[in-house]
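Engineer: input08.txt is reproduced below (compact mmCIF, C-alpha atoms).
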```
# COMPACT_ATOMS: atom_id res chain seq x y z
CA MET J 121 50.54 -14.23 -65.98
CA HIS J 122 52.61 -12.00 -63.71
CA LEU J 123 52.30 -8.95 -65.92
CA ALA J 124 49.53 -7.65 -63.66
CA THR J 125 51.96 -7.79 -60.72
CA TYR J 126 54.46 -5.56 -62.51
CA ILE J 127 51.80 -3.19 -63.77
CA GLY J 128 50.62 -2.75 -60.17
CA LEU J 129 54.20 -2.37 -59.02
CA GLN J 130 54.91 0.32 -61.61
CA HIS J 131 51.67 2.13 -60.91
CA THR J 132 52.52 2.29 -57.21
CA ALA J 133 56.19 3.13 -57.79
CA SER J 134 55.34 6.00 -60.15
CA ARG J 135 52.87 7.44 -57.64
CA THR J 136 55.46 7.05 -54.89
CA LEU J 137 58.11 8.80 -56.99
CA ALA J 138 55.75 11.71 -57.73
CA ASP J 139 54.91 12.09 -54.04
CA SER J 140 58.59 11.86 -53.09
CA PHE J 141 59.58 14.55 -55.59
CA ARG J 142 56.91 16.81 -54.04
CA GLN J 143 58.18 15.98 -50.54
CA VAL J 144 61.73 17.00 -51.49
CA ALA J 145 60.46 20.13 -53.27
CA GLU J 146 58.68 21.33 -50.14
CA GLY J 147 61.38 20.17 -47.75
CA HIS J 148 64.05 22.09 -49.65
CA ALA J 149 62.00 25.10 -50.74
CA GLY J 150 65.01 27.32 -50.00
CA GLU J 151 66.73 25.80 -53.04
CA PRO J 152 64.76 27.42 -55.90
CA ASP J 153 65.94 24.97 -58.57
CA VAL J 154 65.14 21.95 -56.40
CA HIS J 155 61.72 23.31 -55.48
CA SER J 156 60.76 24.13 -59.06
CA LEU J 157 62.24 21.14 -60.85
CA CYS J 158 61.06 18.59 -58.31
CA HIS J 159 57.49 19.81 -58.88
CA THR J 160 58.01 19.53 -62.64
CA LEU J 161 59.44 16.02 -62.31
CA ALA J 162 56.58 15.03 -60.00
CA ALA J 163 54.12 16.10 -62.70
CA ALA J 164 55.92 13.83 -65.18
CA SER J 165 55.49 10.88 -62.80
CA ASP J 166 51.82 11.80 -62.34
CA GLY J 167 51.55 11.58 -66.12
CA HIS J 168 53.03 8.08 -66.00
CA VAL J 169 50.33 7.00 -63.58
CA ASP J 170 47.69 8.37 -65.96
CA ARG J 171 49.25 6.75 -69.03
CA LEU J 172 49.48 3.39 -67.32
CA ALA J 173 45.83 3.43 -66.17
CA PRO J 174 44.28 2.04 -69.40
CA VAL J 175 46.85 -0.75 -69.50
CA ALA J 176 46.13 -1.52 -65.85
CA GLU J 177 42.43 -1.73 -66.65
CA ARG J 178 43.13 -4.23 -69.39
CA TYR J 179 45.58 -6.47 -67.52
CA GLY J 180 44.57 -5.72 -63.95
CA GLU J 181 46.84 -5.01 -61.01
CA GLN J 182 47.76 -7.62 -58.44
CA ARG J 183 49.29 -5.56 -55.67
CA GLU J 184 48.46 -8.14 -53.02
CA ASP J 185 50.58 -10.75 -54.83
CA GLU J 186 53.72 -8.64 -55.01
CA PRO J 187 56.68 -10.35 -53.44
CA GLU J 188 57.45 -8.78 -50.08
CA ARG J 189 60.84 -7.43 -51.14
CA LEU J 190 59.50 -6.03 -54.41
CA HIS J 191 58.31 -2.55 -53.48
CA ALA J 192 59.28 1.10 -53.64
CA GLU J 193 59.43 3.16 -50.49
CA GLY J 194 58.90 6.89 -50.71
CA LEU J 195 60.28 9.69 -48.62
CA SER J 196 58.17 10.36 -45.56
CA ARG J 197 60.25 13.37 -44.50
CA THR J 198 63.18 15.39 -45.71
CA ARG J 199 66.48 16.11 -44.03
CA SER J 200 67.92 19.58 -43.46
CA GLY J 201 71.11 21.24 -44.60
CA GLY J 202 73.46 20.50 -47.45
CA VAL J 203 74.09 16.89 -46.52
CA GLY J 204 70.36 16.42 -45.99
CA LEU J 205 69.65 17.70 -49.50
CA LEU J 206 72.32 15.39 -50.88
CA ARG J 207 70.83 12.38 -49.08
CA ASP J 208 67.29 13.27 -50.19
CA LEU J 209 68.40 13.59 -53.82
CA GLN J 210 70.19 10.27 -53.50
CA ASP J 211 67.00 8.65 -52.17
CA LEU J 212 65.09 10.06 -55.14
CA TYR J 213 67.75 8.67 -57.47
CA VAL J 214 67.36 5.18 -55.99
CA LEU J 215 63.58 5.37 -56.33
CA ALA J 216 63.77 6.71 -59.90
CA SER J 217 66.21 3.88 -60.76
CA PHE J 218 63.67 1.39 -59.44
CA VAL J 219 60.99 2.99 -61.63
CA ASP J 220 63.36 2.95 -64.61
CA ILE J 221 64.21 -0.76 -64.36
CA THR J 222 60.54 -1.61 -63.85
CA TRP J 223 59.79 0.18 -67.13
CA THR J 224 62.48 -2.00 -68.71
CA VAL J 225 60.78 -5.15 -67.42
CA LEU J 226 57.39 -3.95 -68.71
CA GLY J 227 58.98 -3.07 -72.06
CA GLN J 228 60.25 -6.62 -72.41
CA ALA J 229 56.78 -7.94 -71.62
CA ALA J 230 55.22 -5.54 -74.13
CA GLN J 231 57.55 -6.84 -76.82
CA GLY J 232 56.83 -10.45 -75.85
CA THR J 233 53.06 -9.93 -75.98
CA ARG J 234 53.27 -7.59 -78.99
CA ASP J 235 51.23 -5.07 -77.03
CA ARG J 236 51.73 -1.84 -78.95
CA GLU J 237 49.77 0.28 -76.43
CA LEU J 238 51.93 -0.87 -73.53
CA LEU J 239 55.09 -0.44 -75.59
CA ASP J 240 54.12 3.16 -76.42
CA VAL J 241 53.51 3.89 -72.72
CA VAL J 242 56.83 2.33 -71.77
CA GLU J 243 58.79 4.25 -74.42
CA LYS J 244 57.35 7.64 -73.41
CA CYS J 245 57.64 7.03 -69.69
CA THR J 246 61.15 5.57 -69.91
CA SER J 247 62.30 8.71 -71.69
CA ASP J 248 60.82 10.89 -68.93
CA THR J 249 62.31 8.71 -66.19
CA GLN J 250 65.75 8.88 -67.77
CA ARG J 251 65.47 12.69 -67.81
CA GLN J 252 64.59 12.57 -64.10
CA LEU J 253 67.66 10.42 -63.44
CA LYS J 254 69.93 12.74 -65.46
CA TRP J 255 68.74 15.80 -63.53
CA LEU J 256 69.15 14.02 -60.21
CA ASN J 257 72.65 12.87 -61.15
CA THR J 258 73.64 16.40 -62.19
CA ARG J 259 72.14 17.97 -59.07
CA ILE J 260 73.84 15.42 -56.82
CA LYS J 261 77.18 16.23 -58.46
CA GLN J 262 76.51 19.92 -57.87
CA ALA J 263 75.50 19.46 -54.22
CA ALA J 264 78.20 16.98 -53.17
CA PRO J 265 81.29 19.23 -53.06
CA GLN J 266 79.51 21.99 -51.16
CA ALA J 267 77.86 19.60 -48.71
CA LEU J 268 80.85 17.37 -48.11
CA ILE J 269 83.88 19.62 -48.50
CA ALA J 270 82.85 23.27 -48.16
CA SER J 271 80.98 22.58 -44.93
CA ALA J 272 84.03 20.83 -43.45
CA ALA J 273 86.35 23.65 -44.52
CA ALA J 274 84.10 26.21 -42.80
CA THR J 275 84.43 24.46 -39.40
```
Take the structure in this file and express it as structure tokens.
Structural biologist:
Amino acid sequence: MHLATYIGLQHTASRTLADSFRQVAEGHAGEPDVHSLCHTLAAASDGHVDRLAPVAERYGEQREDEPERLHAEGLSRTRSGGVGLLRDLQDLYVLASFVDITWTVLGQAAQGTRDRELLDVVEKCTSDTQRQLKWLNTRIKQAAPQALIASAAAT
């Protein structure tokens, strides 16, 4: 059964997303909304890690068997300026999308195994992840014109 592989993958990806949200929050502390909301969204991902723990205990986690290309890389540093913020938000969006589709895969497995506990975890965490994606999408739309057009007009 490869369910343990995806549980390990989601556990790691959720932790990575939480850490990456915190990285962006601190790296862009001059943007009050980014600083505050990234910490809030990191806490939601921390909650996902906690919610998934009992399921991981039951099914196990096979991180060593993950296919090489199947992983989620976090942000090790942040960029500066408006374009840097835009790029960092975009990186978070890609990572959150990875987390979201992994929840989808786990949801399908939960339905197939009729695992109500896993399905409950997936439903709650998917809802949170979709909120993260919506905020990131909105904030990217807000940052893009200023970073890409206003900066060019000022030069």
Engineer: Kindly indicate which residue among J:Leu123, J:Cys245, J:Val225, J:Ala263 lies nearest to J:Gly167, using all atoms listed in the file for the distances.
Structural biologist: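 Selected residue with least distance to J:Gly167: J:Cys245.
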Engineer: As an exercise, work out the distance from atom CA of J:Arg142 to atom CA of J:Tyr126 in Å and give it to one decimal place.
Structural biologist: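 Separation between atom CA of J:Arg142 and atom CA of J:Tyr126: 24.0 Å.
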Engineer: What is the distance, in Å and to one decimal place, between atom CA of J:Thr132 and atom CA of J:Val203?
Structural biologist: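 Distance between the two atoms: 28.2 Å.
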Engineer: May I ask which of the residues J:Asp153, J:Leu129, J:Ser196, J:Ala164 is the closest one to J:Gln250, counting all atoms listed in the file?
Structural biologist: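 The shortest atom-to-atom distance to J:Gln250 comes from J:Ala164.
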Engineer: Interatomic distance between atom CA of J:Arg197 and atom CA of J:Gln143?
Structural biologist: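 A separation of 6.9 Å between them.
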Engineer: Set the distance at 12 Å and use only C-alpha atoms: which residues neighbour J:Gln130 once local chain neighbours fewer than 6 positions away are removed? I'd like the list as a PyMOL selection string.
Structural biologist: chain J and resi 123-124+136-137+165-166+168-173+175-176+181-183+186+190-192+215-227+241-242+245-246
Engineer: Around stretch 245-250 of chain J, with edges along x, y and z and 3 Å added on all six sides, what centre and edge lengths do you get, in Å to one decimal, as lines of an AutoDock Vina configuration file?
Structural biologist:
```
center_x = 61.7
center_y = 8.2
center_z = -68.9
size_x = 14.1
size_y = 11.3
size_z = 11.5
```
Engineer: Using all atoms listed in the file, which residue out of J:Ala149, J:Asp211, J:Glu243, J:Ala270 lies closest to J:Gln228?
Structural biologist: J:Glu243
Engineer: Using all atoms listed in the file, find the one residue out of J:Ser247, J:Gln266, J:Gln252, J:Thr125 that sits nearest to J:Leu209.
Structural biologist: J:Gln252
Engineer: Nearest residue to J:Gly147 out of J:Thr198, J:Ser134, J:Thr160, J:Thr233, using only C-alpha atoms?
Structural biologist: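 For J:Gly147, the nearest of the candidates is J:Thr198.
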